[in-house]
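Text of the file upload23.txt, holding compact mmCIF, C-alpha atoms (C1' of nucleotides):
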# COMPACT_ATOMS: atom_id res chain seq x y z
CA MET A 1 156.56 131.45 42.37
CA GLN A 2 154.07 128.81 43.39
CA THR A 3 154.08 126.88 46.62
CA ALA A 4 155.30 123.40 45.78
CA VAL A 5 155.13 120.74 48.45
CA SER A 6 156.09 117.10 48.80
CA ILE A 7 153.54 114.31 48.97
CA GLY A 8 154.04 114.09 52.73
CA GLN A 9 153.31 117.79 53.21
CA ALA A 10 150.30 117.62 50.91
CA ALA A 11 149.08 114.61 52.85
CA ARG A 12 149.41 116.38 56.20
CA ALA A 13 147.81 119.56 54.87
CA SER A 14 144.81 117.75 53.40
CA GLY A 15 144.35 115.01 55.94
CA VAL A 16 144.73 112.28 53.31
CA LYS A 17 147.37 109.61 53.89
CA VAL A 18 150.39 109.41 51.60
CA PRO A 19 149.53 106.03 50.00
CA THR A 20 145.98 107.27 49.54
CA VAL A 21 147.21 110.33 47.66
CA ARG A 22 149.08 108.04 45.27
CA TYR A 23 145.99 105.86 45.01
CA TYR A 24 143.84 108.87 44.08
CA GLU A 25 146.36 109.76 41.40
CA GLN A 26 146.23 106.21 40.11
CA ILE A 27 142.45 106.18 39.79
CA GLY A 28 142.46 109.59 38.16
CA LEU A 29 140.95 111.74 40.91
CA LEU A 30 144.13 113.75 41.11
CA PRO A 31 146.09 114.99 38.07
CA LEU A 32 149.62 113.72 37.47
CA PRO A 33 151.82 116.15 39.42
CA ASP A 34 155.13 117.68 38.40
CA ARG A 35 158.21 115.89 39.63
CA THR A 36 161.55 117.00 41.03
CA ASP A 37 164.83 115.95 39.40
CA GLY A 38 164.85 113.11 41.87
CA ASN A 39 161.42 111.94 40.63
CA ARG A 40 159.47 113.12 43.66
CA ARG A 41 155.94 114.43 43.31
CA LEU A 42 155.41 118.18 43.70
CA TYR A 43 151.99 119.53 44.62
CA ASP A 44 150.68 123.06 44.53
CA ARG A 45 147.89 124.72 46.46
CA THR A 46 145.11 123.62 44.10
CA ASP A 47 146.20 119.98 44.42
CA VAL A 48 146.03 120.21 48.19
CA GLU A 49 142.59 121.82 47.98
CA ARG A 50 141.46 119.06 45.65
CA LEU A 51 142.67 116.47 48.13
CA ALA A 52 140.80 118.18 50.96
CA PHE A 53 137.68 118.25 48.78
CA ILE A 54 138.00 114.53 48.10
CA ARG A 55 138.60 113.77 51.74
CA HIS A 56 135.58 115.72 52.86
CA ALA A 57 133.36 114.11 50.25
CA ARG A 58 134.58 110.64 51.30
CA GLU A 59 133.86 111.47 54.92
CA LEU A 60 130.36 112.33 53.87
CA GLY A 61 130.11 108.91 52.26
CA PHE A 62 130.17 109.88 48.59
CA ASP A 63 131.70 107.08 46.55
CA VAL A 64 134.56 107.63 44.15
CA GLU A 65 132.34 107.88 41.07
CA ALA A 66 130.21 110.61 42.68
CA ILE A 67 133.36 112.46 43.70
CA ARG A 68 134.67 112.19 40.16
CA ARG A 69 131.54 113.94 38.92
CA LEU A 70 131.62 116.55 41.69
CA LEU A 71 135.24 117.34 40.84
CA ALA A 72 134.39 117.64 37.16
CA LEU A 73 131.65 120.10 38.09
CA GLN A 74 133.99 122.05 40.33
CA ASP A 75 136.38 122.39 37.42
CA GLU A 76 133.71 124.18 35.38
CA PRO A 77 132.31 126.97 37.55
CA GLU A 78 130.06 128.38 34.81
CA GLN A 79 127.90 125.28 34.64
CA SER A 80 124.67 124.85 36.52
CA CYS A 81 125.01 123.12 39.84
CA ALA A 82 121.86 121.08 39.31
CA GLU A 83 123.87 117.88 39.05
CA ALA A 84 125.80 118.56 42.26
CA ASP A 85 122.51 119.23 43.98
CA ALA A 86 121.03 116.03 42.56
CA LEU A 87 124.04 113.99 43.70
CA ALA A 88 123.80 115.43 47.20
CA LYS A 89 120.05 114.83 47.36
CA GLN A 90 120.38 111.28 46.12
CA HIS A 91 123.08 110.65 48.67
CA LEU A 92 120.95 112.16 51.39
CA ILE A 93 118.15 109.74 50.56
CA GLU A 94 120.63 106.89 50.80
CA VAL A 95 121.86 108.12 54.17
CA GLU A 96 118.30 108.41 55.46
CA ARG A 97 117.56 104.88 54.34
CA ARG A 98 120.68 103.71 56.09
CA LEU A 99 119.71 105.58 59.23
CA ARG A 100 116.34 103.89 59.38
CA SER A 101 118.03 100.53 58.93
CA LEU A 102 120.52 101.22 61.71
CA MET A 103 117.79 102.37 64.07
CA ALA A 104 115.84 99.16 63.52
CA LEU A 105 119.04 97.27 64.10
CA LYS A 106 119.74 99.18 67.31
CA ALA A 107 116.24 98.41 68.58
CA GLU A 108 116.70 94.72 67.94
CA LEU A 109 120.11 94.61 69.58
CA GLU A 110 118.62 96.35 72.61
CA ARG A 111 115.84 93.82 72.72
CA MET A 112 118.44 91.04 72.63
CA VAL A 113 120.56 92.55 75.36
CA GLU A 114 117.61 93.42 77.60
CA GLY A 115 116.15 89.93 77.36
CA CYS A 116 119.40 88.24 78.32
CA THR A 117 119.29 87.07 81.92
CA GLN A 118 122.93 85.96 81.92
CA GLY A 119 121.93 82.35 82.35
CA LYS A 120 122.85 79.39 80.20
CA VAL A 121 123.22 79.59 76.44
CA GLU A 122 120.24 77.27 75.99
CA SER A 123 117.90 79.99 77.24
CA CYS A 124 119.86 83.00 76.02
CA ARG A 125 117.78 85.68 74.38
CA VAL A 126 120.70 86.79 72.20
CA ILE A 127 121.22 83.34 70.71
CA GLU A 128 117.48 82.73 70.48
CA ILE A 129 116.74 85.84 68.51
CA LEU A 130 119.64 85.23 66.18
CA ALA A 131 118.39 81.71 65.56
CA ASP A 132 114.82 82.74 64.88
CA HIS A 133 114.42 85.31 62.18
CA GLY A 134 110.64 84.95 62.37
CA GLU A 135 110.73 86.60 65.76
CA CYS A 136 112.70 89.50 64.39
CA ARG A 137 111.60 93.12 64.09
CA HIS A 138 114.41 93.89 61.73
CA HIS A 139 113.44 93.57 58.09
CA ASP A 140 115.08 96.63 56.66
CA HIS A 141 118.06 95.05 54.98
CA GLU A 142 119.93 97.74 53.17
CA LYS A 143 123.15 98.24 51.29
CA PRO A 144 126.14 99.72 53.04
CA LEU A 145 127.51 103.14 52.26
CA SER A 146 130.77 102.58 50.46
CA GLY A 147 133.58 102.50 52.98
CA LEU A 148 132.19 105.20 55.20
CA LYS A 149 134.53 105.81 58.13
CA MET B 150 114.97 59.56 57.73
CA GLN B 151 116.32 63.08 57.73
CA THR B 152 115.34 65.84 55.38
CA ALA B 153 118.20 66.28 52.96
CA VAL B 154 118.14 69.22 50.58
CA SER B 155 120.30 70.59 47.80
CA ILE B 156 122.38 73.73 48.16
CA GLY B 157 119.78 75.64 46.16
CA GLN B 158 116.97 74.57 48.47
CA ALA B 159 119.06 75.32 51.55
CA ALA B 160 119.85 78.74 50.09
CA ARG B 161 116.20 79.54 49.43
CA ALA B 162 115.13 78.25 52.84
CA SER B 163 117.74 80.28 54.71
CA GLY B 164 117.84 83.39 52.56
CA VAL B 165 121.58 82.99 51.89
CA LYS B 166 122.74 82.92 48.27
CA VAL B 167 124.21 79.73 46.84
CA PRO B 168 127.77 81.04 46.33
CA THR B 169 127.65 82.51 49.82
CA VAL B 170 126.73 79.12 51.29
CA ARG B 171 129.83 77.67 49.65
CA TYR B 172 131.84 80.63 50.91
CA TYR B 173 130.65 80.03 54.49
CA GLU B 174 131.69 76.41 54.17
CA GLN B 175 135.09 77.51 52.91
CA ILE B 176 135.73 79.85 55.84
CA GLY B 177 134.54 77.23 58.30
CA LEU B 178 131.24 78.72 59.45
CA LEU B 179 129.38 75.73 58.06
CA PRO B 180 130.50 72.11 58.48
CA LEU B 181 131.43 70.06 55.41
CA PRO B 182 128.14 68.54 54.25
CA ASP B 183 127.46 65.02 53.02
CA ARG B 184 127.50 64.57 49.26
CA THR B 185 125.37 62.63 46.80
CA ASP B 186 126.89 60.06 44.44
CA GLY B 187 127.06 62.86 41.92
CA ASN B 188 129.16 64.96 44.36
CA ARG B 189 126.38 67.39 45.23
CA ARG B 190 126.12 68.86 48.71
CA LEU B 191 123.30 67.61 50.94
CA TYR B 192 122.07 69.71 53.82
CA ASP B 193 119.86 68.76 56.74
CA ARG B 194 117.60 70.88 58.91
CA THR B 195 120.34 71.89 61.36
CA ASP B 196 122.49 73.17 58.50
CA VAL B 197 119.64 75.30 57.21
CA GLU B 198 119.05 76.66 60.71
CA ARG B 199 122.73 77.43 61.04
CA LEU B 200 122.60 79.33 57.75
CA ALA B 201 119.58 81.32 58.90
CA PHE B 202 121.41 82.10 62.15
CA ILE B 203 124.44 83.35 60.22
CA ARG B 204 122.28 85.39 57.89
CA HIS B 205 120.41 87.04 60.70
CA ALA B 206 123.62 87.83 62.56
CA ARG B 207 125.14 89.33 59.40
CA GLU B 208 122.03 91.43 58.87
CA LEU B 209 122.52 92.74 62.36
CA GLY B 210 126.05 93.68 61.39
CA PHE B 211 128.02 91.11 63.36
CA ASP B 212 131.27 90.33 61.59
CA VAL B 213 132.33 86.81 60.73
CA GLU B 214 134.59 86.44 63.75
CA ALA B 215 131.80 87.40 66.12
CA ILE B 216 129.48 84.97 64.36
CA ARG B 217 132.07 82.24 64.69
CA ARG B 218 132.06 82.77 68.45
CA LEU B 219 128.27 82.96 68.65
CA LEU B 220 127.97 79.70 66.72
CA ALA B 221 130.50 78.05 69.02
CA LEU B 222 128.39 79.18 71.98
CA GLN B 223 125.21 77.93 70.36
CA ASP B 224 126.86 74.54 69.96
CA GLU B 225 127.36 74.30 73.73
CA PRO B 226 124.02 75.07 75.38
CA GLU B 227 125.25 74.34 78.90
CA GLN B 228 127.71 77.23 78.92
CA SER B 229 126.98 80.65 80.33
CA CYS B 230 125.71 83.12 77.80
CA ALA B 231 127.80 85.95 79.25
CA GLU B 232 129.99 86.05 76.16
CA ALA B 233 127.03 86.22 73.78
CA ASP B 234 125.64 89.04 75.87
CA ALA B 235 128.99 90.82 75.83
CA LEU B 236 129.28 90.46 72.06
CA ALA B 237 125.79 91.87 71.57
CA LYS B 238 126.43 94.76 73.95
CA GLN B 239 129.73 95.61 72.32
CA HIS B 240 128.08 95.54 68.95
CA LEU B 241 125.25 97.74 70.19
CA ILE B 242 127.77 100.36 71.29
CA GLU B 243 129.32 100.23 67.83
CA VAL B 244 125.91 100.64 66.19
CA GLU B 245 125.11 103.62 68.41
CA ARG B 246 128.39 105.27 67.51
CA ARG B 247 127.65 104.67 63.87
CA LEU B 248 124.18 106.08 64.26
CA ARG B 249 125.51 109.32 65.74
CA SER B 250 127.97 109.59 62.87
CA LEU B 251 125.26 109.07 60.29
CA MET B 252 123.00 111.64 61.91
CA ALA B 253 125.76 114.26 61.79
CA LEU B 254 126.34 113.35 58.19
CA LYS B 255 122.64 113.66 57.39
CA ALA B 256 122.54 117.10 58.99
CA GLU B 257 125.41 118.29 56.85
CA LEU B 258 123.96 116.89 53.66
CA GLU B 259 120.71 118.65 54.46
CA ARG B 260 122.57 121.88 55.01
CA MET B 261 124.23 121.43 51.62
CA VAL B 262 121.03 120.67 49.81
CA GLU B 263 119.05 123.44 51.50
CA GLY B 264 121.68 126.05 50.71
CA CYS B 265 121.80 125.19 47.03
CA THR B 266 119.92 127.76 44.98
CA GLN B 267 120.33 125.83 41.74
CA GLY B 268 122.50 128.52 40.27
CA LYS B 269 126.00 128.21 38.85
CA VAL B 270 128.62 125.85 40.22
CA GLU B 271 130.78 128.81 41.27
CA SER B 272 128.27 129.73 43.96
CA CYS B 273 126.97 126.25 44.72
CA ARG B 274 126.58 125.47 48.38
CA VAL B 275 127.17 121.76 47.79
CA ILE B 276 130.53 122.32 46.13
CA GLU B 277 131.46 125.07 48.57
CA ILE B 278 130.91 122.97 51.65
CA LEU B 279 132.76 120.05 50.17
CA ALA B 280 135.70 122.32 49.36
CA ASP B 281 135.85 123.88 52.81
CA HIS B 282 136.13 121.44 55.64
CA GLY B 283 136.58 124.32 58.09
CA GLU B 284 132.96 125.23 57.54
CA CYS B 285 131.87 121.72 58.29
CA ARG B 286 129.81 120.54 61.25
CA HIS B 287 130.72 116.94 60.62
CA HIS B 288 133.68 115.79 62.66
CA ASP B 289 132.48 112.40 63.79
CA HIS B 290 134.50 110.22 61.48
CA GLU B 291 133.86 106.66 62.42
CA LYS B 292 134.60 103.20 61.18
CA PRO B 293 132.06 101.39 59.05
CA LEU B 294 130.23 98.31 60.20
CA SER B 295 131.68 95.42 58.25
CA GLY B 296 129.66 94.91 55.10
CA LEU B 297 126.32 95.71 56.67
CA LYS B 298 123.58 95.37 54.12
C1' DT C 299 182.57 113.99 53.85
C1' DC C 300 180.39 110.30 55.96
C1' DT C 301 176.47 108.43 57.82
C1' DA C 302 172.08 107.72 60.05
C1' DG C 303 167.45 108.60 59.69
C1' DT C 304 163.58 110.03 57.28
C1' DT C 305 160.94 110.46 53.25
C1' DC C 306 160.14 109.13 49.00
C1' DC C 307 159.72 105.80 44.78
C1' DT C 308 157.44 101.56 42.28
C1' DA C 309 155.08 97.35 42.24
C1' DT C 310 152.39 94.07 44.29
C1' DA C 311 149.53 91.74 47.70
C1' DG C 312 146.07 91.87 51.33
C1' DC C 313 141.70 93.35 53.80
C1' DG C 314 136.36 91.81 54.54
C1' DA C 315 132.55 89.66 52.85
C1' DC C 316 131.20 88.45 49.33
C1' DT C 317 130.01 88.23 43.89
C1' DA C 318 131.03 87.04 39.23
C1' DT C 319 133.04 84.30 35.69
C1' DA C 320 134.74 80.25 33.15
C1' DG C 321 134.27 75.79 31.95
C1' DG C 322 132.31 71.85 32.79
C1' DA C 323 129.11 67.75 34.83
C1' DG C 324 124.64 65.95 36.52
C1' DC C 325 119.84 65.52 36.34
C1' DA C 326 114.65 65.93 35.36
C1' DA C 327 110.99 66.79 31.99
C1' DG C 328 109.13 66.59 27.46
C1' DC D 329 117.68 62.57 23.54
C1' DT D 330 117.92 67.02 23.97
C1' DT D 331 116.88 71.26 26.34
C1' DG D 332 117.54 73.78 30.26
C1' DC D 333 118.24 74.04 34.91
C1' DT D 334 121.09 73.26 38.89
C1' DC D 335 125.21 71.99 40.45
C1' DC D 336 130.58 71.46 40.67
C1' DT D 337 135.55 73.61 41.14
C1' DA D 338 138.76 77.20 40.73
C1' DT D 339 139.90 81.73 40.14
C1' DA D 340 139.42 86.69 39.67
C1' DG D 341 136.99 90.91 40.66
C1' DT D 342 134.51 94.31 43.80
C1' DC D 343 135.50 98.86 46.85
C1' DG D 344 138.58 101.96 48.94
C1' DC D 345 142.10 101.73 50.67
C1' DT D 346 146.40 99.76 53.56
C1' DA D 347 150.54 97.11 54.04
C1' DT D 348 154.75 95.20 52.44
C1' DA D 349 159.15 94.68 49.93
C1' DG D 350 163.05 96.52 48.15
C1' DG D 351 165.21 100.24 46.82
C1' DA D 352 166.60 105.52 45.87
C1' DA D 353 167.01 110.22 47.39
C1' DC D 354 167.08 113.83 50.35
C1' DT D 355 168.39 116.18 55.34
C1' DA D 356 170.92 116.94 59.51
C1' DG D 357 174.46 116.15 62.50
C1' DA D 358 179.43 114.52 63.59
Could you render the structure as structure tokens?
Amino acid sequence: MQTAVSIGQAARASGVKVPTVRYYEQIGLLPLPDRTDGNRRLYDRTDVERLAFIRHARELGFDVEAIRRLLALQDEPEQSCAEADALAKQHLIEVERRLRSLMALKAELERMVEGCTQGKVESCRVIEILADHGECRHHDHEKPLSGLK
Amino acid sequence: MQTAVSIGQAARASGVKVPTVRYYEQIGLLPLPDRTDGNRRLYDRTDVERLAFIRHARELGFDVEAIRRLLALQDEPEQSCAEADALAKQHLIEVERRLRSLMALKAELERMVEGCTQGKVESCRVIEILADHGECRHHDHEKPLSGLK
DNA sequence: TCTAGTTCCTATAGCGACTATAGGAGCAAG
DNA sequence: CTTGCTCCTATAGTCGCTATAGGAACTAGA
């Protein structure tokens, strides 16, 4: 006999919220589960593990399409993991790019805050720097990582 | 006689895309501009400067509400710039938090990629680490900066 | 057995900050 | 005068959820 848990239990066990579990089912990351007589979803251990996998990948900033591919790979253990490696490497490059961007941003915010003498707005360094992009050290304008928490 | 430019020219001059200019007007970041006889928007120098201000603030990751307040401050140069300073400082704290999160994330991705021996999926470090959150060094799960590019 | 409270169900709308599309109108150059 | 660009409005789509409405089904206690 398999462990069969409700959506709430699966959610707690995996750290994914209940509506998010249903959402993952809807977008096809999670297979359609069995149901009770009363039409409630029943999950087994592999479903919960899959949810935890998805959650961890999302925390690491992989988008849903990348996770879809990683899950497909996980489902076929005999295949080469070259693609998983490539996905991780590609994502790492993206994260590094993002890090550089954020560091430039941090430097400019510090410059703004340091320069501010708490006087009037007309001489405020914060407002000044925002108004004048030419004076800006920040030119590394990158894309966000999808919904990274 | 004032310089009066089309939306396309204002967009090019400020670095904001045309549909985004209209969007900023719609959400009240930009005042309703004059129109030509043919119903086309006409912008003057202050509008273009305002757009550049908004763009720069967005690039620095300020959300629209913060920008709304910064613009309101900019419109009243006699006021104290304490609020602008506070907004910038608060945002800097957020950016620093985000930076720490991204660095943890980078470390874990590197660990994944380093461990991968390019063998089969069943022994792939990338897949393994994703599957097992217990093994993870990444516990700094933070909120994203709104739409930072 | 009744009932109160919790969990679950579906379907749909909302979030932020845009971006894309449809379907047209204006305008400048050749 | 026609080609092609820019512009107009209005609406829907993006991503990854999250919230809401309105109901049905379990669970525990009286």
Query raised in the report: Counting only C-alpha atoms (C1' of nucleotides), which residues from chain C have an atom at most 8 Å from any atom of chain A, and could you show them as number ranges by chain?
Result: C: 305-307
Fitted copy of chain A on chain B, all Cα, as a tab-separated table (two decimals) with C-alpha atoms, in the frame of the given file:
chain	number	residue	atom	x	y	z
A	1	MET	CA	115.24	59.32	58.03
A	2	GLN	CA	116.53	62.86	58.00
A	3	THR	CA	115.49	65.59	55.63
A	4	ALA	CA	118.34	66.03	53.19
A	5	VAL	CA	118.21	68.93	50.78
A	6	SER	CA	120.33	70.28	47.96
A	7	ILE	CA	122.35	73.47	48.24
A	8	GLY	CA	119.71	75.31	46.23
A	9	GLN	CA	116.92	74.23	48.57
A	10	ALA	CA	119.01	75.07	51.63
A	11	ALA	CA	119.75	78.45	50.10
A	12	ARG	CA	116.08	79.20	49.45
A	13	ALA	CA	115.05	77.97	52.90
A	14	SER	CA	117.64	80.07	54.72
A	15	GLY	CA	117.69	83.14	52.53
A	16	VAL	CA	121.42	82.78	51.84
A	17	LYS	CA	122.55	82.65	48.22
A	18	VAL	CA	124.06	79.46	46.82
A	19	PRO	CA	127.60	80.83	46.27
A	20	THR	CA	127.44	82.35	49.74
A	21	VAL	CA	126.62	78.97	51.26
A	22	ARG	CA	129.73	77.53	49.62
A	23	TYR	CA	131.70	80.55	50.81
A	24	TYR	CA	130.54	79.99	54.40
A	25	GLU	CA	131.65	76.38	54.13
A	26	GLN	CA	135.01	77.51	52.82
A	27	ILE	CA	135.63	79.89	55.71
A	28	GLY	CA	134.50	77.30	58.22
A	29	LEU	CA	131.19	78.76	59.38
A	30	LEU	CA	129.37	75.74	58.05
A	31	PRO	CA	130.55	72.14	58.52
A	32	LEU	CA	131.51	70.06	55.49
A	33	PRO	CA	128.23	68.46	54.40
A	34	ASP	CA	127.61	64.91	53.21
A	35	ARG	CA	127.63	64.41	49.48
A	36	THR	CA	125.53	62.38	47.06
A	37	ASP	CA	127.11	59.80	44.75
A	38	GLY	CA	127.24	62.55	42.18
A	39	ASN	CA	129.27	64.76	44.57
A	40	ARG	CA	126.45	67.15	45.41
A	41	ARG	CA	126.16	68.68	48.85
A	42	LEU	CA	123.38	67.39	51.12
A	43	TYR	CA	122.13	69.53	53.99
A	44	ASP	CA	119.93	68.61	56.91
A	45	ARG	CA	117.67	70.73	59.07
A	46	THR	CA	120.41	71.84	61.47
A	47	ASP	CA	122.53	73.09	58.57
A	48	VAL	CA	119.65	75.16	57.28
A	49	GLU	CA	119.04	76.56	60.76
A	50	ARG	CA	122.72	77.41	61.04
A	51	LEU	CA	122.55	79.24	57.74
A	52	ALA	CA	119.51	81.21	58.89
A	53	PHE	CA	121.36	82.07	62.10
A	54	ILE	CA	124.35	83.32	60.13
A	55	ARG	CA	122.15	85.30	57.79
A	56	HIS	CA	120.31	86.98	60.61
A	57	ALA	CA	123.51	87.83	62.43
A	58	ARG	CA	124.98	89.31	59.22
A	59	GLU	CA	121.85	91.38	58.72
A	60	LEU	CA	122.38	92.72	62.19
A	61	GLY	CA	125.89	93.70	61.17
A	62	PHE	CA	127.90	91.16	63.15
A	63	ASP	CA	131.14	90.39	61.34
A	64	VAL	CA	132.24	86.88	60.51
A	65	GLU	CA	134.53	86.55	63.53
A	66	ALA	CA	131.71	87.52	65.92
A	67	ILE	CA	129.41	85.04	64.20
A	68	ARG	CA	132.04	82.35	64.54
A	69	ARG	CA	132.06	82.90	68.29
A	70	LEU	CA	128.27	83.08	68.52
A	71	LEU	CA	128.00	79.79	66.64
A	72	ALA	CA	130.56	78.19	68.92
A	73	LEU	CA	128.48	79.32	71.89
A	74	GLN	CA	125.30	78.02	70.32
A	75	ASP	CA	126.95	74.64	69.94
A	76	GLU	CA	127.49	74.42	73.70
A	77	PRO	CA	124.15	75.18	75.36
A	78	GLU	CA	125.41	74.48	78.89
A	79	GLN	CA	127.84	77.38	78.86
A	80	SER	CA	127.08	80.80	80.24
A	81	CYS	CA	125.80	83.25	77.69
A	82	ALA	CA	127.88	86.09	79.11
A	83	GLU	CA	130.04	86.18	76.01
A	84	ALA	CA	127.05	86.31	73.65
A	85	ASP	CA	125.67	89.14	75.73
A	86	ALA	CA	129.01	90.94	75.66
A	87	LEU	CA	129.27	90.55	71.87
A	88	ALA	CA	125.77	91.93	71.41
A	89	LYS	CA	126.43	94.83	73.77
A	90	GLN	CA	129.70	95.68	72.10
A	91	HIS	CA	128.01	95.59	68.74
A	92	LEU	CA	125.21	97.77	70.02
A	93	ILE	CA	127.73	100.39	71.09
A	94	GLU	CA	129.25	100.27	67.63
A	95	VAL	CA	125.84	100.69	66.02
A	96	GLU	CA	125.05	103.65	68.27
A	97	ARG	CA	128.33	105.27	67.35
A	98	ARG	CA	127.54	104.72	63.71
A	99	LEU	CA	124.08	106.18	64.16
A	100	ARG	CA	125.45	109.36	65.65
A	101	SER	CA	127.89	109.64	62.77
A	102	LEU	CA	125.15	109.16	60.18
A	103	MET	CA	122.92	111.72	61.85
A	104	ALA	CA	125.69	114.32	61.76
A	105	LEU	CA	126.23	113.42	58.15
A	106	LYS	CA	122.53	113.77	57.37
A	107	ALA	CA	122.47	117.21	59.00
A	108	GLU	CA	125.39	118.37	56.92
A	109	LEU	CA	123.94	117.04	53.69
A	110	GLU	CA	120.70	118.85	54.49
A	111	ARG	CA	122.60	122.03	55.11
A	112	MET	CA	124.30	121.61	51.73
A	113	VAL	CA	121.08	120.94	49.88
A	114	GLU	CA	119.15	123.72	51.61
A	115	GLY	CA	121.83	126.30	50.88
A	116	CYS	CA	121.96	125.48	47.19
A	117	THR	CA	120.14	128.12	45.17
A	118	GLN	CA	120.54	126.22	41.89
A	119	GLY	CA	122.77	128.92	40.49
A	120	LYS	CA	126.26	128.58	39.08
A	121	VAL	CA	128.82	126.16	40.45
A	122	GLU	CA	131.01	129.07	41.56
A	123	SER	CA	128.49	129.98	44.25
A	124	CYS	CA	127.14	126.50	44.94
A	125	ARG	CA	126.72	125.67	48.59
A	126	VAL	CA	127.28	121.96	47.94
A	127	ILE	CA	130.65	122.50	46.29
A	128	GLU	CA	131.60	125.18	48.80
A	129	ILE	CA	130.99	123.06	51.83
A	130	LEU	CA	132.82	120.13	50.32
A	131	ALA	CA	135.78	122.37	49.58
A	132	ASP	CA	135.93	123.88	53.04
A	133	HIS	CA	136.19	121.39	55.83
A	134	GLY	CA	136.66	124.22	58.33
A	135	GLU	CA	133.07	125.21	57.78
A	136	CYS	CA	131.91	121.69	58.47
A	137	ARG	CA	129.78	120.47	61.36
A	138	HIS	CA	130.70	116.90	60.68
A	139	HIS	CA	133.66	115.71	62.70
A	140	ASP	CA	132.47	112.30	63.74
A	141	HIS	CA	134.48	110.16	61.38
A	142	GLU	CA	133.79	106.57	62.21
A	143	LYS	CA	134.51	103.13	60.88
A	144	PRO	CA	131.94	101.35	58.78
A	145	LEU	CA	130.06	98.30	59.95
A	146	SER	CA	131.43	95.40	57.98
A	147	GLY	CA	129.38	94.94	54.85
A	148	LEU	CA	126.06	95.76	56.43
A	149	LYS	CA	123.29	95.50	53.85
Query - Two-atom distance - atom CA of Ala206 of chain B, atom CA of Leu241 of chain B (Å) - result: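 Spanning atom CA of Ala206 of chain B to atom CA of Leu241 of chain B is a straight-line distance of 12.6 Å.
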Contacts of DG312 of chain C at 10 Å or less, counting all atoms listed in the file, minus same-chain residues fewer than 6 places along, as an mmCIF file with C-alpha atoms (C1' of nucleotides), keeping the file's coordinate frame?
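Result went into out-v5.cif, see below:
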data_model
loop_
_atom_site.group_PDB
_atom_site.id
_atom_site.type_symbol
_atom_site.label_atom_id
_atom_site.label_comp_id
_atom_site.auth_asym_id
_atom_site.auth_seq_id
_atom_site.Cartn_x
_atom_site.Cartn_y
_atom_site.Cartn_z
ATOM 1 C "C1'" DT D 346 146.400 99.760 53.560
ATOM 2 C "C1'" DA D 347 150.540 97.110 54.040
ATOM 3 C "C1'" DT D 348 154.750 95.200 52.440
#
For chain D against chain B, with a cut-off of 8 Å and counting only C-alpha atoms (C1' of nucleotides), what is the closest atom pair and its distance in Å to one decimal for every residue that makes the cut, ordered by chain and number, as CSV?
residue,atom,partner,partner_atom,distance
D:DT334,C1',B:Gly157,CA,7.8
D:DC335,C1',B:Arg189,CA,6.7
D:DC336,C1',B:Arg189,CA,7.4
Requested in this report: Could you please tell me, as JSON, numbers by chain, which residues of chain A have an atom within 8 Å of chain B when using only C-alpha atoms?
Outcome: {"A": [49, 50, 52, 53, 54, 56, 57, 59, 60, 70, 73, 74, 76, 77, 78, 79, 80, 81, 82, 84, 85, 88, 89, 92, 95, 96, 99, 102, 103, 105, 106, 109, 110, 112, 113, 116, 118, 119, 120, 121, 122, 124, 126, 127, 130, 131, 132, 133, 141, 142, 143, 144, 147, 148, 149]}
Report task. Between B:Thr169, B:Gln158, B:Glu174, B:Asp196, single out the one closest to DC316 of chain C, counting all atoms listed in the file. Result ->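 Residue with the minimum atom-to-atom distance to DC316 of chain C: B:Thr169.
Straight-line separation from atom CA of Val21 of chain A to atom CA of Arg246 of chain B: 27.8 Å.
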Box time for segment 59-75 of chain A: axis-aligned, enclosing all its listed atoms, 6 Å extra on each side; report centre and edge lengths in Å to one decimal, as AutoDock Vina command-line options.
--center_x 133.2 --center_y 114.7 --center_z 46.0 --size_x 18.3 --size_y 27.3 --size_z 29.8
Report task. Would you work out the distance separating atom CA of Gln239 of chain B from atom CA of Tyr173 of chain B, expressed in Å to one decimal? Result ->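 Here the two named atoms are 23.7 Å from each other.
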Query - Long-range neighbours of Leu32 of chain A as number ranges by chain, 10 Å cut-off, only C-alpha atoms (C1' of nucleotides), 3 positions minimum in chain - result: A: 22, 25-26, 28-29, 35, 41-43, 47
Query raised in the report: Got a sec: who's within 12 Å of DT304 of chain C, counting all atoms listed in the file, leaving out chain neighbours fewer than 6 positions off, as number ranges by chain?
Result: A: 8; D: 353-356
Report task. Within 12 Å of DT319 of chain C, counting only C-alpha atoms (C1' of nucleotides), which residues show up once you throw out same-chain ones fewer than 6 positions away? Write them as a list of chain:residue names, please. Result ->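 Listed by chain and then number, they are D:DA338, D:DT339, D:DA340, D:DG341.
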